[in-house]
Structures are given as C-alpha cells and as structure tokens.
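A short write-up of the structure that comes next.
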Amino acid sequence: MAFLSFVGRVLFVSVFVFSAWQEFNEFGVDGGPAAKALTPKFNVLSKHFTTHTGFQVPVFEIKFLVAGAIALKALGSFLFIFNSTIGATLLILHQLIATPILYDFYNYDIEKKEFLQLFIKFTQSLALLGGLLFFVGMKNSIPKRSSTTKKATKTKTV
C-alpha cells in the first residue's frame with residue numbers, strides 16, 4: 001500500500017513538476033512567456049485590490065513572481081513526493097495565489113470563448129487544491145505512533 005501511495009503522489013505532483021520545468025526552461029532574462037502572460041492579469045488584479053481595499057500593491061518585476069512560483073512548485077513537489085505536509089502546504093499556497101490571477105474568468109462576459117476556457121482551468125485548479133487539502137486533512141487525522149511500545153505481559157491462570 002505504501003508503494004501505491006508513493007506512485008499516486010508522484011503522479012499528482014507531475015502537474016506541478018512539468019509546469020515548473022517548462023517555466024524554468026523558458027525563463028530567460030525577462031521571465032519568459034509566463035511573465036508576459038501574467039503581467040496584464042496581475043495589473044488588473046492590482047487595480048481591483050487597490051480599488052476595494054485602498055492599499056497600493058507594491059511595484060516589482062513580474063519575473064520575480066514567476067521565479068517564486070517556480071520555486072514553490074519545485075520545492076513543494078519534491079517534499080510532497082516524500083509524504084511531507086510542508087510540501088503540500090507550499091503547493092496549497094501556490095494554488096491560492098496563482099489560481100485567481102491566472103484563471104480570471106470573472107473579467108470576461110459569460111458568452112465569450114475565453115470565459116469558458118478560463119472557467120474550466122479554474123475548476124481544474126480548484127480540484128488540485130481540493131486534493132492537497134484532503135491530503136493535509138488526512139495526514140492530520142491519522143494518529144501518530146508512539147515511540148514507546150507496551151509489552152504485553154502474560155498472566156498465568158491457575
């Protein structure tokens with residue numbers, strides 16, 4: 001059963017590993033295509049955030065956000081493969097930050113083609129988030145083994 005669990009974690013994490021590997025290979029000096037695609041979406045989100053909260057989002061280069069996403073996915077995936085709750089938490093953090101920025105279906109009219117494409121990807125991302133939350137919940141619900149074992153004493157009945 002432990003081997004099947006390991007294989008399941010490897011297959012689950014493959015989504016994050018392949019994504020991080022592709023973004024890393026295309027990164028270049030400007031953050032690559034990921035930074036180019038993320039810039040307008042991040043700007044819209046920053047305007048929404050400033051409008052609704054009154055706080056200004058700090059200005060920084062998007063390539064640092066992409067590098068952080070690569071690091072979260074890579075480190076979180078590595079730790080998750082080895083049954084670590086910390087790895088799952090890093091992947092949860094990535095999903096919570098990246099999902100509403102990348103899949104901004106709420107900025108499109110429902111009749112547009114982009115709406116449906118982004119909504120499908122958004123729900124798939126939520127499914128990954130749900131799987132990670134399930135993993136963390138199950139890890140926390142299983143009682144840990146105690147380091148001291150009680151030896152059963154045999155009693156003779158006469």
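Scheme for the structure tokens: letters A, B, ... for chains in order shown; per-chain residue numbers from 1; ligand numbers from 1 in order shown.
By chain and then residue number, the residues within 9 Å of Gly31 of chain A are Glu23, Phe24, Glu26, Phe27, Gly28, Val29, Pro33, Ala34, Ala35, Lys36, Ile62, Lys63, Phe64, Leu65, Val66 and Ala67 of chain A, counting only C-alpha atoms and disregarding those fewer than 2 positions away in sequence.
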Hey, could you make a per-residue contact list for segment 37-83 of chain A against segment 92-111 of chain A with 9 Å as the cut-off, showing the nearest pair of atoms and its distance in Å to one decimal, counting only C-alpha atoms, sorted by chain and number, as JSON lines?
```
{"residue": "A:Ala37", "atom": "CA", "partner": "A:Leu102", "partner_atom": "CA", "distance": 8.6}
{"residue": "A:Leu38", "atom": "CA", "partner": "A:Leu102", "partner_atom": "CA", "distance": 6.9}
{"residue": "A:Lys41", "atom": "CA", "partner": "A:Ile101", "partner_atom": "CA", "distance": 6.2}
{"residue": "A:Phe42", "atom": "CA", "partner": "A:Ile101", "partner_atom": "CA", "distance": 6.4}
{"residue": "A:Val44", "atom": "CA", "partner": "A:Asn107", "partner_atom": "CA", "distance": 8.9}
{"residue": "A:Leu45", "atom": "CA", "partner": "A:Ile101", "partner_atom": "CA", "distance": 6.9}
{"residue": "A:Ala69", "atom": "CA", "partner": "A:His94", "partner_atom": "CA", "distance": 6.6}
{"residue": "A:Leu72", "atom": "CA", "partner": "A:His94", "partner_atom": "CA", "distance": 6.4}
{"residue": "A:Lys73", "atom": "CA", "partner": "A:His94", "partner_atom": "CA", "distance": 7.1}
{"residue": "A:Gly76", "atom": "CA", "partner": "A:Ile92", "partner_atom": "CA", "distance": 8.9}
```
For Leu91 of chain A, which residue among A:Phe3, A:Phe78, A:Phe18, A:Phe122 is the nearest when counting only C-alpha atoms? A:Phe78
How would you write, as a VMD selection string, the set of residues in chain A that DSSP gives as helix (DSSP H, G or I)? chain A and resid 2 to 25 32 to 53 62 to 81 85 to 102 105 to 107 113 to 141
Near segment 10-15 of chain A, 12 Å: segment 75-158 of chain A residue rows, closest pairs, only C-alpha atoms, as a tab-separated table:
```
residue	atom	partner	partner_atom	distance
A:Leu75	CA	A:Val13	CA	11.0
A:Gly76	CA	A:Val13	CA	8.9
A:Ser77	CA	A:Val13	CA	5.7
A:Phe78	CA	A:Val13	CA	8.4
A:Leu79	CA	A:Val13	CA	10.0
A:Phe80	CA	A:Val13	CA	7.5
A:Ile81	CA	A:Val10	CA	5.7
A:Phe82	CA	A:Val10	CA	9.0
A:Asn83	CA	A:Val10	CA	10.1
A:Gly87	CA	A:Val13	CA	10.3
A:Ala88	CA	A:Val13	CA	9.7
A:Leu91	CA	A:Val13	CA	9.3
A:Gln124	CA	A:Val15	CA	11.3
A:Ser125	CA	A:Val15	CA	10.5
A:Ala127	CA	A:Phe12	CA	11.3
A:Leu128	CA	A:Phe12	CA	8.4
A:Leu129	CA	A:Phe12	CA	11.2
A:Gly131	CA	A:Phe12	CA	8.9
A:Leu132	CA	A:Phe12	CA	9.4
A:Phe135	CA	A:Phe12	CA	11.2
```
Can those selected residues be exported to a file as a compact mmCIF listing (two decimals), in the first residue's frame so that it contains all heavy atoms?
```
# COMPACT_ATOMS: atom_id res chain seq x y z
N LEU A 75 9.96 23.03 -4.95
CA LEU A 75 10.22 22.59 -3.58
C LEU A 75 9.01 21.87 -3.00
O LEU A 75 9.15 20.82 -2.36
CB LEU A 75 10.60 23.79 -2.71
CG LEU A 75 10.95 23.47 -1.26
CD1 LEU A 75 12.15 22.55 -1.18
CD2 LEU A 75 11.22 24.76 -0.49
N GLY A 76 7.82 22.42 -3.21
CA GLY A 76 6.62 21.77 -2.71
C GLY A 76 6.42 20.39 -3.30
O GLY A 76 6.05 19.44 -2.59
N SER A 77 6.69 20.24 -4.59
CA SER A 77 6.55 18.94 -5.24
C SER A 77 7.54 17.93 -4.69
O SER A 77 7.18 16.78 -4.40
CB SER A 77 6.76 19.07 -6.75
OG SER A 77 5.78 19.89 -7.32
N PHE A 78 8.78 18.34 -4.54
CA PHE A 78 9.81 17.44 -4.00
C PHE A 78 9.43 16.95 -2.61
O PHE A 78 9.51 15.76 -2.31
CB PHE A 78 11.17 18.16 -3.98
CG PHE A 78 12.27 17.33 -3.41
CD1 PHE A 78 12.82 16.29 -4.15
CD2 PHE A 78 12.75 17.56 -2.13
CE1 PHE A 78 13.84 15.51 -3.62
CE2 PHE A 78 13.76 16.80 -1.59
CZ PHE A 78 14.31 15.76 -2.33
N LEU A 79 9.01 17.87 -1.75
CA LEU A 79 8.63 17.48 -0.39
C LEU A 79 7.36 16.64 -0.37
O LEU A 79 7.23 15.70 0.43
CB LEU A 79 8.48 18.72 0.49
CG LEU A 79 9.77 19.51 0.76
CD1 LEU A 79 9.45 20.79 1.49
CD2 LEU A 79 10.77 18.67 1.52
N PHE A 80 6.40 16.97 -1.23
CA PHE A 80 5.13 16.24 -1.27
C PHE A 80 5.34 14.79 -1.68
O PHE A 80 4.67 13.89 -1.16
CB PHE A 80 4.17 16.93 -2.24
CG PHE A 80 2.80 16.32 -2.27
CD1 PHE A 80 1.89 16.58 -1.27
CD2 PHE A 80 2.42 15.49 -3.32
CE1 PHE A 80 0.61 16.01 -1.30
CE2 PHE A 80 1.16 14.92 -3.35
CZ PHE A 80 0.25 15.19 -2.34
N ILE A 81 6.25 14.55 -2.61
CA ILE A 81 6.53 13.18 -3.05
C ILE A 81 6.93 12.31 -1.86
O ILE A 81 6.56 11.15 -1.77
CB ILE A 81 7.62 13.17 -4.14
CG1 ILE A 81 7.04 13.69 -5.46
CG2 ILE A 81 8.19 11.78 -4.34
CD1 ILE A 81 8.05 13.87 -6.56
N PHE A 82 7.66 12.91 -0.92
CA PHE A 82 8.12 12.15 0.24
C PHE A 82 7.18 12.30 1.44
O PHE A 82 7.60 12.22 2.58
CB PHE A 82 9.55 12.56 0.58
CG PHE A 82 10.51 12.18 -0.51
CD1 PHE A 82 11.05 13.16 -1.32
CD2 PHE A 82 10.82 10.86 -0.75
CE1 PHE A 82 11.92 12.82 -2.35
CE2 PHE A 82 11.66 10.50 -1.78
CZ PHE A 82 12.22 11.48 -2.58
N ASN A 83 5.89 12.50 1.14
CA ASN A 83 4.82 12.46 2.14
C ASN A 83 4.90 13.59 3.17
O ASN A 83 4.55 13.41 4.33
CB ASN A 83 4.83 11.09 2.84
CG ASN A 83 3.47 10.66 3.28
OD1 ASN A 83 2.46 11.21 2.83
ND2 ASN A 83 3.41 9.69 4.16
N GLY A 87 5.36 20.21 2.12
CA GLY A 87 5.29 20.26 0.66
C GLY A 87 3.89 20.53 0.18
O GLY A 87 3.67 21.35 -0.73
N ALA A 88 2.92 19.86 0.79
CA ALA A 88 1.52 20.09 0.42
C ALA A 88 1.11 21.52 0.74
O ALA A 88 0.39 22.16 -0.04
CB ALA A 88 0.61 19.10 1.15
N LEU A 91 2.41 23.84 -1.93
CA LEU A 91 1.60 23.73 -3.14
C LEU A 91 0.23 24.39 -2.95
O LEU A 91 -0.30 25.00 -3.88
CB LEU A 91 1.46 22.27 -3.56
CG LEU A 91 2.75 21.60 -4.03
CD1 LEU A 91 2.53 20.12 -4.28
CD2 LEU A 91 3.30 22.28 -5.27
N GLN A 124 -10.39 23.10 -12.63
CA GLN A 124 -9.36 22.07 -12.53
C GLN A 124 -8.33 22.43 -11.46
O GLN A 124 -7.89 21.57 -10.71
CB GLN A 124 -8.67 21.87 -13.88
CG GLN A 124 -9.53 21.20 -14.92
CD GLN A 124 -8.89 21.18 -16.29
OE1 GLN A 124 -7.94 21.91 -16.57
NE2 GLN A 124 -9.43 20.36 -17.16
N SER A 125 -7.99 23.69 -11.40
CA SER A 125 -7.06 24.15 -10.38
C SER A 125 -7.66 24.00 -8.98
O SER A 125 -6.97 23.66 -8.01
CB SER A 125 -6.67 25.60 -10.66
OG SER A 125 -5.65 26.01 -9.82
N ALA A 127 -9.75 21.69 -8.19
CA ALA A 127 -9.71 20.26 -7.90
C ALA A 127 -8.34 19.86 -7.35
O ALA A 127 -8.24 19.06 -6.41
CB ALA A 127 -10.03 19.46 -9.15
N LEU A 128 -7.27 20.42 -7.92
CA LEU A 128 -5.93 20.17 -7.38
C LEU A 128 -5.82 20.69 -5.95
O LEU A 128 -5.26 20.03 -5.07
CB LEU A 128 -4.86 20.83 -8.26
CG LEU A 128 -4.63 20.21 -9.63
CD1 LEU A 128 -3.67 21.07 -10.44
CD2 LEU A 128 -4.09 18.80 -9.48
N LEU A 129 -6.36 21.88 -5.72
CA LEU A 129 -6.34 22.45 -4.38
C LEU A 129 -7.12 21.56 -3.41
O LEU A 129 -6.68 21.32 -2.28
CB LEU A 129 -6.94 23.86 -4.40
CG LEU A 129 -7.04 24.59 -3.08
CD1 LEU A 129 -5.66 24.81 -2.47
CD2 LEU A 129 -7.75 25.91 -3.26
N GLY A 131 -7.55 18.32 -3.64
CA GLY A 131 -6.74 17.13 -3.39
C GLY A 131 -5.65 17.40 -2.37
O GLY A 131 -5.37 16.57 -1.49
N LEU A 132 -5.03 18.56 -2.46
CA LEU A 132 -3.98 18.93 -1.50
C LEU A 132 -4.57 19.12 -0.10
O LEU A 132 -3.98 18.68 0.90
CB LEU A 132 -3.26 20.20 -1.96
CG LEU A 132 -2.38 20.04 -3.19
CD1 LEU A 132 -2.02 21.40 -3.77
CD2 LEU A 132 -1.14 19.24 -2.85
N PHE A 135 -5.24 15.77 1.38
CA PHE A 135 -4.01 15.15 1.84
C PHE A 135 -3.62 15.68 3.21
O PHE A 135 -3.31 14.91 4.13
CB PHE A 135 -2.87 15.40 0.83
CG PHE A 135 -1.54 14.90 1.29
CD1 PHE A 135 -1.19 13.57 1.16
CD2 PHE A 135 -0.62 15.77 1.86
CE1 PHE A 135 0.04 13.11 1.58
CE2 PHE A 135 0.62 15.32 2.29
CZ PHE A 135 0.94 13.98 2.15
```
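Comparing the minimum interatomic distances between Phe60 of chain A and each of A:Asn43, A:Leu133, A:Lys144, A:Thr123, counting only C-alpha atoms, we find that A:Asn43 sits nearest.
Reported to one decimal place, the separation of atom CA of Gly32 of chain A from atom CA of Thr51 of chain A is 29.2 Å.
With only C-alpha atoms as the atoms that count, the minimum distance from Val136 of chain A to the choices A:Ala74, A:Ala2, A:Ala20, A:Leu90 is reached by A:Leu90.
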Given only C-alpha atoms as the basis, pick out the residue of A:Ser84, A:Leu126, A:Gln117, A:Asn25 nearest to Asn140 of chain A. A:Ser84
